[in-house]
>>> print(open('upload.cif').read())   # mmCIF, C-alpha atoms, pLDDT in the B column; chains and numbers go by the auth columns
data_work
loop_
_atom_site.group_PDB
_atom_site.id
_atom_site.type_symbol
_atom_site.label_atom_id
_atom_site.label_comp_id
_atom_site.label_asym_id
_atom_site.label_seq_id
_atom_site.Cartn_x
_atom_site.Cartn_y
_atom_site.Cartn_z
_atom_site.B_iso_or_equiv
_atom_site.auth_seq_id
_atom_site.auth_asym_id
ATOM 1 C CA MET A 1 -78.751 120.398 -69.758 46.00 25 A
ATOM 2 C CA ARG A 2 -80.071 118.986 -73.052 43.00 26 A
ATOM 3 C CA LYS A 3 -83.375 120.511 -74.309 44.00 27 A
ATOM 4 C CA GLY A 4 -86.265 118.384 -73.268 46.00 28 A
ATOM 5 C CA ALA A 5 -84.247 116.457 -70.658 46.00 29 A
ATOM 6 C CA MET A 6 -86.216 115.175 -67.674 44.00 30 A
ATOM 7 C CA LEU A 7 -85.317 116.235 -64.107 46.00 31 A
ATOM 8 C CA THR A 8 -84.756 113.256 -61.873 44.00 32 A
ATOM 9 C CA PRO A 9 -86.506 113.201 -58.448 44.00 33 A
ATOM 10 C CA SER A 10 -83.172 113.449 -56.614 46.00 34 A
ATOM 11 C CA PHE A 11 -82.103 116.488 -58.679 41.00 35 A
ATOM 12 C CA ARG A 12 -85.462 118.168 -58.032 41.00 36 A
ATOM 13 C CA ARG A 13 -84.873 117.681 -54.281 45.00 37 A
ATOM 14 C CA LEU A 14 -81.384 119.265 -54.485 45.00 38 A
ATOM 15 C CA LEU A 15 -82.424 122.202 -56.668 46.00 39 A
ATOM 16 C CA PRO A 16 -84.012 124.389 -53.875 50.00 40 A
ATOM 17 C CA ALA A 17 -80.943 123.966 -51.633 49.00 41 A
ATOM 18 C CA ALA A 18 -78.617 124.902 -54.478 49.00 42 A
ATOM 19 C CA CYS A 19 -80.659 128.020 -55.245 47.00 43 A
ATOM 20 C CA ALA A 20 -80.685 129.012 -51.563 50.00 44 A
ATOM 21 C CA LEU A 21 -76.894 128.622 -51.374 45.00 45 A
ATOM 22 C CA ALA A 22 -76.412 130.743 -54.491 49.00 46 A
ATOM 23 C CA SER A 23 -78.669 133.456 -53.055 49.00 47 A
ATOM 24 C CA ALA A 24 -76.765 133.479 -49.751 46.00 48 A
ATOM 25 C CA LEU A 25 -73.409 133.810 -51.523 42.00 49 A
ATOM 26 C CA THR A 26 -74.763 136.660 -53.649 45.00 50 A
ATOM 27 C CA LEU A 27 -76.081 138.503 -50.591 42.00 51 A
ATOM 28 C CA ALA A 28 -72.814 137.988 -48.710 43.00 52 A
ATOM 29 C CA GLY A 29 -70.927 139.485 -51.624 46.00 53 A
ATOM 30 C CA CYS A 30 -73.238 142.483 -51.653 43.00 54 A
ATOM 31 C CA ASP A 31 -72.880 142.956 -47.902 48.00 55 A
ATOM 32 C CA GLY A 32 -69.090 142.854 -48.169 48.00 56 A
ATOM 33 C CA ASP A 33 -69.077 145.494 -50.871 50.00 57 A
ATOM 34 C CA GLY A 34 -71.384 147.626 -48.757 48.00 58 A
ATOM 35 C CA GLU A 35 -69.025 147.436 -45.779 48.00 59 A
ATOM 36 C CA LYS A 36 -66.094 148.478 -47.943 47.00 60 A
ATOM 37 C CA SER A 37 -68.113 151.368 -49.289 47.00 61 A
ATOM 38 C CA GLU A 38 -69.049 152.435 -45.748 52.00 62 A
ATOM 39 C CA ASP A 39 -65.392 152.196 -44.692 49.00 63 A
ATOM 40 C CA ASN A 40 -64.357 154.368 -47.632 49.00 64 A
ATOM 41 C CA ASP A 41 -67.069 156.901 -46.812 50.00 65 A
ATOM 42 C CA ALA A 42 -65.949 157.039 -43.152 46.00 66 A
ATOM 43 C CA SER A 43 -62.330 157.470 -44.210 44.00 67 A
ATOM 44 C CA ALA A 44 -63.289 160.297 -46.548 44.00 68 A
ATOM 45 C CA LYS A 45 -65.254 162.013 -43.782 49.00 69 A
ATOM 46 C CA THR A 46 -62.344 161.876 -41.313 52.00 70 A
ATOM 47 C CA SER A 47 -59.733 163.073 -43.832 58.00 71 A
ATOM 48 C CA PRO A 48 -58.968 166.806 -43.435 65.00 72 A
ATOM 49 C CA ALA A 49 -60.345 168.918 -46.273 85.00 73 A
ATOM 50 C CA GLU A 50 -58.346 171.406 -48.307 91.00 74 A
ATOM 51 C CA VAL A 51 -59.145 175.096 -47.782 94.00 75 A
ATOM 52 C CA ARG A 52 -57.926 178.393 -49.159 95.00 76 A
ATOM 53 C CA LEU A 53 -54.905 179.689 -47.244 95.00 77 A
ATOM 54 C CA GLU A 54 -56.833 182.719 -45.934 94.00 78 A
ATOM 55 C CA GLU A 55 -59.308 180.358 -44.242 94.00 79 A
ATOM 56 C CA ALA A 56 -56.642 178.435 -42.308 94.00 80 A
ATOM 57 C CA CYS A 57 -55.436 178.946 -38.729 94.00 81 A
ATOM 58 C CA GLY A 58 -58.064 181.414 -37.591 90.00 82 A
ATOM 59 C CA GLY A 59 -57.508 183.939 -40.367 91.00 83 A
ATOM 60 C CA VAL A 60 -53.899 184.979 -39.579 94.00 84 A
ATOM 61 C CA PHE A 61 -53.026 184.777 -43.282 95.00 85 A
ATOM 62 C CA ASP A 62 -53.998 188.034 -44.946 95.00 86 A
ATOM 63 C CA LYS A 63 -54.396 188.566 -48.706 94.00 87 A
ATOM 64 C CA LYS A 64 -50.798 189.707 -49.182 93.00 88 A
ATOM 65 C CA ILE A 65 -49.376 186.598 -47.507 95.00 89 A
ATOM 66 C CA ALA A 66 -51.777 184.443 -49.545 95.00 90 A
ATOM 67 C CA ALA A 67 -50.618 186.162 -52.753 93.00 91 A
ATOM 68 C CA GLU A 68 -46.975 185.469 -51.847 92.00 92 A
ATOM 69 C CA ALA A 69 -47.766 181.830 -51.177 94.00 93 A
ATOM 70 C CA ALA A 70 -49.680 181.544 -54.449 94.00 94 A
ATOM 71 C CA ARG A 71 -46.590 182.721 -56.346 90.00 95 A
ATOM 72 C CA SER A 72 -44.783 179.787 -54.746 88.00 96 A
ATOM 73 C CA GLY A 73 -47.494 177.466 -56.025 92.00 97 A
ATOM 74 C CA VAL A 74 -49.500 177.182 -52.791 94.00 98 A
ATOM 75 C CA ASP A 75 -53.055 178.471 -52.753 92.00 99 A
ATOM 76 C CA ARG A 76 -54.887 175.627 -51.014 95.00 100 A
ATOM 77 C CA VAL A 77 -53.717 173.795 -47.902 96.00 101 A
ATOM 78 C CA THR A 78 -54.827 171.004 -45.594 96.00 102 A
ATOM 79 C CA PRO A 79 -55.048 172.164 -41.952 95.00 103 A
ATOM 80 C CA VAL A 80 -54.042 169.434 -39.522 93.00 104 A
ATOM 81 C CA LYS A 81 -55.716 169.382 -36.114 86.00 105 A
ATOM 82 C CA SER A 82 -54.251 172.165 -33.987 90.00 106 A
ATOM 83 C CA GLU A 83 -55.232 174.025 -30.839 95.00 107 A
ATOM 84 C CA SER A 84 -57.106 177.289 -31.070 95.00 108 A
ATOM 85 C CA PRO A 85 -55.424 180.323 -29.451 96.00 109 A
ATOM 86 C CA ALA A 86 -57.936 180.146 -26.581 96.00 110 A
ATOM 87 C CA GLU A 87 -57.218 176.445 -25.989 96.00 111 A
ATOM 88 C CA ALA A 88 -53.471 177.039 -26.036 96.00 112 A
ATOM 89 C CA ALA A 89 -53.845 180.020 -23.687 96.00 113 A
ATOM 90 C CA ALA A 90 -55.811 177.898 -21.215 96.00 114 A
ATOM 91 C CA GLY A 91 -53.163 175.174 -21.279 95.00 115 A
ATOM 92 C CA LEU A 92 -50.263 177.612 -20.913 95.00 116 A
ATOM 93 C CA SER A 93 -51.986 179.335 -17.983 94.00 117 A
ATOM 94 C CA LYS A 94 -52.285 176.058 -16.064 92.00 118 A
ATOM 95 C CA GLU A 95 -48.867 174.557 -16.749 89.00 119 A
ATOM 96 C CA THR A 96 -46.384 174.268 -13.907 77.00 120 A
ATOM 97 C CA THR A 97 -43.458 173.156 -16.054 77.00 121 A
ATOM 98 C CA TRP A 98 -41.857 174.653 -19.122 81.00 122 A
ATOM 99 C CA GLY A 99 -41.297 173.101 -22.518 82.00 123 A
ATOM 100 C CA THR A 100 -44.778 171.724 -23.311 84.00 124 A
ATOM 101 C CA GLY A 101 -45.467 172.687 -26.907 92.00 125 A
ATOM 102 C CA HIS A 102 -48.856 173.721 -28.287 96.00 126 A
ATOM 103 C CA ASP A 103 -49.409 173.470 -32.054 96.00 127 A
ATOM 104 C CA LEU A 104 -51.295 176.559 -33.194 97.00 128 A
ATOM 105 C CA CYS A 105 -51.081 176.144 -36.946 96.00 129 A
ATOM 106 C CA PHE A 106 -50.015 173.064 -38.905 97.00 130 A
ATOM 107 C CA LEU A 107 -50.530 172.987 -42.673 97.00 131 A
ATOM 108 C CA GLU A 108 -49.862 170.241 -45.203 96.00 132 A
ATOM 109 C CA ASN A 109 -50.224 169.913 -48.955 94.00 133 A
ATOM 110 C CA GLY A 110 -52.402 167.314 -50.663 90.00 134 A
ATOM 111 C CA ARG A 111 -49.611 164.737 -50.402 91.00 135 A
ATOM 112 C CA GLY A 112 -49.357 165.021 -46.609 93.00 136 A
ATOM 113 C CA GLU A 113 -46.094 167.017 -46.652 94.00 137 A
ATOM 114 C CA GLU A 114 -45.611 169.823 -44.136 95.00 138 A
ATOM 115 C CA LEU A 115 -45.931 173.329 -45.553 95.00 139 A
ATOM 116 C CA MET A 116 -45.928 175.473 -42.424 96.00 140 A
ATOM 117 C CA SER A 117 -46.250 175.132 -38.674 96.00 141 A
ATOM 118 C CA LEU A 118 -46.366 177.508 -35.730 97.00 142 A
ATOM 119 C CA ASP A 119 -46.213 176.460 -32.085 97.00 143 A
ATOM 120 C CA VAL A 120 -45.763 178.002 -28.651 97.00 144 A
ATOM 121 C CA ALA A 121 -44.225 176.867 -25.370 96.00 145 A
ATOM 122 C CA TRP A 122 -42.856 178.338 -22.143 95.00 146 A
ATOM 123 C CA VAL A 123 -39.067 178.709 -22.075 94.00 147 A
ATOM 124 C CA ALA A 124 -37.043 179.008 -18.874 93.00 148 A
ATOM 125 C CA HIS A 125 -35.492 182.415 -19.523 93.00 149 A
ATOM 126 C CA PRO A 126 -36.814 185.966 -19.739 94.00 150 A
ATOM 127 C CA VAL A 127 -37.076 187.968 -22.930 95.00 151 A
ATOM 128 C CA PRO A 128 -33.495 189.219 -23.515 90.00 152 A
ATOM 129 C CA GLY A 129 -32.827 192.791 -22.442 88.00 153 A
ATOM 130 C CA GLY A 130 -35.945 192.931 -20.299 86.00 154 A
ATOM 131 C CA ASP A 131 -38.018 193.728 -23.385 92.00 155 A
ATOM 132 C CA SER A 132 -41.704 192.925 -23.735 95.00 156 A
ATOM 133 C CA VAL A 133 -41.266 191.162 -27.075 97.00 157 A
ATOM 134 C CA ARG A 134 -38.307 190.093 -29.177 96.00 158 A
ATOM 135 C CA ALA A 135 -38.757 188.940 -32.771 95.00 159 A
ATOM 136 C CA SER A 136 -36.186 187.084 -34.833 93.00 160 A
ATOM 137 C CA VAL A 137 -36.952 186.575 -38.535 92.00 161 A
ATOM 138 C CA GLY A 138 -35.132 186.747 -41.840 80.00 162 A
ATOM 139 C CA LYS A 139 -32.266 184.380 -40.980 69.00 163 A
ATOM 140 C CA PRO A 140 -33.666 180.832 -41.168 64.00 164 A
ATOM 141 C CA ILE A 141 -31.731 178.283 -39.107 62.00 165 A
ATOM 142 C CA GLY A 142 -32.408 174.683 -40.009 64.00 166 A
ATOM 143 C CA GLY A 143 -36.155 174.368 -40.483 70.00 167 A
ATOM 144 C CA SER A 144 -36.945 177.477 -38.431 88.00 168 A
ATOM 145 C CA ALA A 145 -38.210 180.565 -40.253 92.00 169 A
ATOM 146 C CA GLY A 146 -38.480 182.784 -37.190 94.00 170 A
ATOM 147 C CA SER A 147 -39.376 183.076 -33.531 95.00 171 A
ATOM 148 C CA LEU A 148 -41.061 185.498 -31.173 96.00 172 A
ATOM 149 C CA GLU A 149 -40.317 185.676 -27.439 97.00 173 A
ATOM 150 C CA VAL A 150 -43.029 187.306 -25.345 97.00 174 A
ATOM 151 C CA ARG A 151 -43.043 188.425 -21.709 96.00 175 A
ATOM 152 C CA CYS A 152 -46.214 187.343 -19.903 95.00 176 A
ATOM 153 C CA GLY A 153 -45.870 187.175 -16.129 93.00 177 A
ATOM 154 C CA LEU A 154 -48.837 185.381 -14.584 92.00 178 A
ATOM 155 C CA ASN A 155 -48.025 185.022 -10.890 85.00 179 A
ATOM 156 C CA GLU A 156 -45.161 184.304 -8.486 82.00 180 A
ATOM 157 C CA ARG A 157 -44.728 180.884 -10.037 79.00 181 A
ATOM 158 C CA ARG A 158 -44.631 182.097 -13.629 85.00 182 A
ATOM 159 C CA THR A 159 -42.891 185.480 -13.513 89.00 183 A
ATOM 160 C CA GLY A 160 -41.747 187.481 -16.508 90.00 184 A
ATOM 161 C CA ASN A 161 -38.270 187.675 -14.981 91.00 185 A
ATOM 162 C CA ARG A 162 -37.832 183.916 -15.231 91.00 186 A
ATOM 163 C CA TYR A 163 -39.994 182.707 -18.108 94.00 187 A
ATOM 164 C CA ALA A 164 -41.163 183.767 -21.556 95.00 188 A
ATOM 165 C CA LEU A 165 -43.540 182.454 -24.168 96.00 189 A
ATOM 166 C CA GLU A 166 -41.696 181.411 -27.301 96.00 190 A
ATOM 167 C CA PHE A 167 -43.520 181.162 -30.634 97.00 191 A
ATOM 168 C CA ASN A 168 -41.661 179.243 -33.346 96.00 192 A
ATOM 169 C CA LEU A 169 -42.435 179.198 -37.056 96.00 193 A
ATOM 170 C CA ARG A 170 -41.356 176.684 -39.711 95.00 194 A
ATOM 171 C CA ASP A 171 -42.030 177.480 -43.355 94.00 195 A
ATOM 172 C CA ALA A 172 -41.574 175.310 -46.432 92.00 196 A
ATOM 173 C CA ILE A 173 -43.638 177.692 -48.569 92.00 197 A
ATOM 174 C CA THR A 174 -40.891 180.323 -48.196 89.00 198 A
ATOM 175 C CA VAL A 175 -42.891 183.525 -47.930 92.00 199 A
ATOM 176 C CA SER A 176 -41.018 186.704 -46.997 93.00 200 A
ATOM 177 C CA ALA A 177 -39.552 187.619 -43.600 94.00 201 A
ATOM 178 C CA HIS A 178 -42.162 190.376 -43.387 95.00 202 A
ATOM 179 C CA SER A 179 -44.909 187.764 -43.706 95.00 203 A
ATOM 180 C CA HIS A 180 -43.187 185.666 -41.047 96.00 204 A
ATOM 181 C CA ALA A 181 -43.266 188.659 -38.692 97.00 205 A
ATOM 182 C CA LYS A 182 -46.958 189.238 -39.399 97.00 206 A
ATOM 183 C CA LEU A 183 -47.839 185.588 -38.778 97.00 207 A
ATOM 184 C CA LEU A 184 -45.897 185.403 -35.514 97.00 208 A
ATOM 185 C CA ILE A 185 -47.244 188.680 -34.141 97.00 209 A
ATOM 186 C CA ALA A 186 -50.877 188.067 -35.178 97.00 210 A
ATOM 187 C CA THR A 187 -50.869 184.588 -33.643 97.00 211 A
ATOM 188 C CA ALA A 188 -49.132 185.680 -30.424 98.00 212 A
ATOM 189 C CA LYS A 189 -51.649 188.493 -29.950 97.00 213 A
ATOM 190 C CA LYS A 190 -54.516 186.011 -30.142 97.00 214 A
ATOM 191 C CA VAL A 191 -52.901 183.799 -27.486 97.00 215 A
ATOM 192 C CA THR A 192 -51.807 186.440 -24.967 97.00 216 A
ATOM 193 C CA SER A 193 -55.089 188.345 -25.218 96.00 217 A
ATOM 194 C CA ALA A 194 -56.713 185.224 -23.734 96.00 218 A
ATOM 195 C CA MET A 195 -54.187 185.068 -20.858 96.00 219 A
ATOM 196 C CA ALA A 196 -54.094 187.061 -17.634 95.00 220 A
ATOM 197 C CA CYS A 197 -50.645 188.563 -18.232 95.00 221 A
ATOM 198 C CA GLN A 198 -49.766 191.016 -15.465 93.00 222 A
ATOM 199 C CA LYS A 199 -48.775 193.428 -18.220 92.00 223 A
ATOM 200 C CA GLN A 200 -50.071 192.871 -21.720 91.00 224 A
ATOM 201 C CA PRO A 201 -47.136 192.625 -24.164 96.00 225 A
ATOM 202 C CA GLN A 202 -46.357 195.593 -26.375 95.00 226 A
ATOM 203 C CA TYR A 203 -46.072 194.145 -29.858 97.00 227 A
ATOM 204 C CA PRO A 204 -44.042 195.897 -32.532 96.00 228 A
ATOM 205 C CA ALA A 205 -45.396 196.673 -35.975 96.00 229 A
ATOM 206 C CA PRO A 206 -44.377 193.941 -38.438 96.00 230 A
ATOM 207 C CA GLU A 207 -42.704 196.606 -40.616 95.00 231 A
ATOM 208 C CA SER A 208 -40.285 197.421 -37.800 95.00 232 A
ATOM 209 C CA VAL A 209 -39.295 193.758 -37.553 95.00 233 A
ATOM 210 C CA ALA A 210 -38.893 193.162 -41.286 94.00 234 A
ATOM 211 C CA PRO A 211 -39.812 195.679 -44.001 93.00 235 A
ATOM 212 C CA ALA A 212 -42.464 194.732 -46.513 90.00 236 A
ATOM 213 C CA PRO A 213 -40.869 193.371 -49.695 83.00 237 A
ATOM 214 C CA LYS A 214 -41.238 195.384 -52.874 78.00 238 A
ATOM 215 C CA PRO A 215 -42.288 193.451 -55.974 69.00 239 A
ATOM 216 C CA ASP A 216 -40.099 193.722 -59.068 62.00 240 A
ATOM 217 C CA LYS A 217 -41.396 194.721 -62.494 55.00 241 A
ATOM 218 C CA TYR A 218 -42.727 191.203 -62.980 59.00 242 A
ATOM 219 C CA GLY A 219 -44.664 191.314 -59.699 58.00 243 A
ATOM 220 C CA ARG A 220 -42.317 188.898 -57.960 57.00 244 A
ATOM 221 C CA VAL A 221 -41.524 189.449 -54.290 53.00 245 A
ATOM 222 C CA ALA A 222 -38.043 188.844 -52.920 51.00 246 A
ATOM 223 C CA ARG A 223 -37.856 186.418 -50.026 48.00 247 A
#
>>> encode(input="upload.cif", output="structure tokens")
Amino acid sequence: MRKGAMLTPSFRRLLPAACALASALTLAGCDGDGEKSEDNDASAKTSPAEVRLEEACGGVFDKKIAAEAARSGVDRVTPVKSESPAEAAAGLSKETTWGTGHDLCFLENGRGEELMSLDVAWVAHPVPGGDSVRASVGKPIGGSAGSLEVRCGLNERRTGNRYALEFNLRDAITVSAHSHAKLLIATAKKVTSAMACQKQPQYPAPESVAPAPKPDKYGRVAR
């Protein structure tokens, strides 16, 4: 508008409405930004946080396993929602069918890629040879890094002569077979100690399943 120009009566009548409309549009824009910000905050709160490996999965990763993983470039992981050993034990104790899996440990990297997982389910066969526990590590097949079959007879329906608990481990970090044995045994102990097994399983020492690897002169550990 030219300096000194006069406002006409009709323009003066329209001016308050125009200002009100501008204010409403400005507030709407602010509200929209606020909603987006709240959505982003909610998304951030629900996203799993990274933790040190020793803090994941109920503390089954000891310092030696964590050191092995760190040499592979993994020191922090993102735990994905999994059942605690007590929750899995409660579910396994109530099940009337076999084959229902319970995720006990599921870890991803910052890009959402699987690093390691460990689950358990009933299988419809006893532990081979009538043993209490049978471990199989050191010879990965497909994505499997090892398994542990455990005898845990609960009652006439779930007898140790017909069923076993099978713990399966997948590992993309590629720690040693000895570490696989430690992870399987430590996790299985937590689960079966919360179950009313007629005879508590007799777990072997991890060293008897797979000897601890010896580091070379550069401190590297063979897988």
>>> closest_residue(input="upload.cif", among="A:Leu139, A:Ala148, A:Val84, A:Ala218", to="Leu116 (chain A)", atoms="all atoms listed in the file")
A:Ala218
>>> residues_around(input="upload.cif", residues="Val161 (chain A)", least_positions_apart="2", cutoff="9 Å", atoms="only C-alpha atoms", output="list in words")
Ala159, Lys163, Pro164, Ala169, Gly170, Ser171, Leu172, Ala201, His202, His204, Ala205, Val233 and Ala234 of chain A
>>> resolve_selection(input="upload.cif", expression="the PyMOL selection byres ((chain A and resi 219) around 8)", output="MDAnalysis selection string")
chainID A and resid 113:114 117 215:218 220:221
>>> residues_around(input="upload.cif", residues="Gly154 (chain A)", least_positions_apart="5", cutoff="10 Å", atoms="all atoms listed in the file", output="PyMOL selection string")
chain A and resi 175+184-185
>>> closest_residue(input="upload.cif", among="A:Lys118, A:Arg95, A:His149, A:Lys214", to="Cys81 (chain A)", atoms="all atoms listed in the file")
A:Lys214
>>> atom_distance(input="upload.cif", atom1="CA of Trp122 (chain A)", atom2="CA of Gln226 (chain A)")
22.6 Å
>>> closest_residue(input="upload.cif", among="A:Ala90, A:Pro225, A:Glu173, A:Val144", to="Gly123 (chain A)", atoms="all atoms listed in the file")
A:Val144
>>> atom_distance(input="upload.cif", atom1="CA of Met140 (chain A)", atom2="CA of Ile209 (chain A)")
15.6 Å
>>> decode(input="upload.cif", residues="region 225-241 of chain A", atoms="N, CA, C and O atoms", output="short mmCIF file (atom, residue, chain, number, x, y, z; two decimals), in the first residue's frame")
data_model
loop_
_atom_site.label_atom_id
_atom_site.label_comp_id
_atom_site.auth_asym_id
_atom_site.auth_seq_id
_atom_site.Cartn_x
_atom_site.Cartn_y
_atom_site.Cartn_z
N PRO A 225 17.51 -81.80 35.45
CA PRO A 225 18.55 -82.23 34.49
C PRO A 225 19.95 -82.04 35.06
O PRO A 225 20.21 -81.12 35.83
N GLN A 226 20.83 -82.92 34.66
CA GLN A 226 22.24 -82.85 35.04
C GLN A 226 23.01 -82.23 33.87
O GLN A 226 23.30 -82.91 32.88
N TYR A 227 23.32 -80.96 33.99
CA TYR A 227 23.97 -80.26 32.89
C TYR A 227 25.48 -80.49 32.88
O TYR A 227 26.12 -80.47 33.94
N PRO A 228 26.04 -80.67 31.71
CA PRO A 228 27.50 -80.83 31.64
C PRO A 228 28.20 -79.48 31.76
O PRO A 228 27.57 -78.42 31.59
N ALA A 229 29.47 -79.51 32.07
CA ALA A 229 30.27 -78.29 32.05
C ALA A 229 30.46 -77.88 30.58
O ALA A 229 30.67 -78.74 29.72
N PRO A 230 30.40 -76.59 30.28
CA PRO A 230 30.58 -76.17 28.89
C PRO A 230 31.90 -76.66 28.28
O PRO A 230 31.95 -76.98 27.09
N GLU A 231 32.94 -76.77 29.11
CA GLU A 231 34.25 -77.23 28.60
C GLU A 231 34.20 -78.66 28.09
O GLU A 231 34.97 -79.03 27.20
N SER A 232 33.28 -79.48 28.65
CA SER A 232 33.18 -80.86 28.19
C SER A 232 32.41 -80.96 26.88
O SER A 232 32.51 -81.95 26.16
N VAL A 233 31.63 -79.91 26.58
CA VAL A 233 30.89 -79.88 25.32
C VAL A 233 31.76 -79.33 24.20
O VAL A 233 31.82 -79.88 23.10
N ALA A 234 32.46 -78.25 24.48
CA ALA A 234 33.37 -77.64 23.52
C ALA A 234 34.45 -76.91 24.30
O ALA A 234 34.14 -76.04 25.12
N PRO A 235 35.72 -77.27 24.11
CA PRO A 235 36.79 -76.64 24.88
C PRO A 235 36.89 -75.15 24.61
O PRO A 235 36.55 -74.67 23.53
N ALA A 236 37.33 -74.43 25.63
CA ALA A 236 37.50 -72.99 25.49
C ALA A 236 38.58 -72.69 24.45
O ALA A 236 39.65 -73.33 24.47
N PRO A 237 38.33 -71.78 23.53
CA PRO A 237 39.34 -71.47 22.52
C PRO A 237 40.53 -70.73 23.12
O PRO A 237 40.39 -69.96 24.07
N LYS A 238 41.70 -70.99 22.57
CA LYS A 238 42.90 -70.31 23.03
C LYS A 238 43.25 -69.19 22.06
O LYS A 238 43.35 -69.42 20.86
N PRO A 239 43.43 -67.97 22.58
CA PRO A 239 43.76 -66.86 21.68
C PRO A 239 45.17 -67.03 21.11
O PRO A 239 46.06 -67.60 21.75
N ASP A 240 45.38 -66.54 19.88
CA ASP A 240 46.70 -66.57 19.29
C ASP A 240 47.53 -65.40 19.83
O ASP A 240 47.10 -64.67 20.72
N LYS A 241 48.72 -65.21 19.28
CA LYS A 241 49.61 -64.18 19.80
C LYS A 241 49.06 -62.78 19.60
O LYS A 241 49.54 -61.81 20.21
#
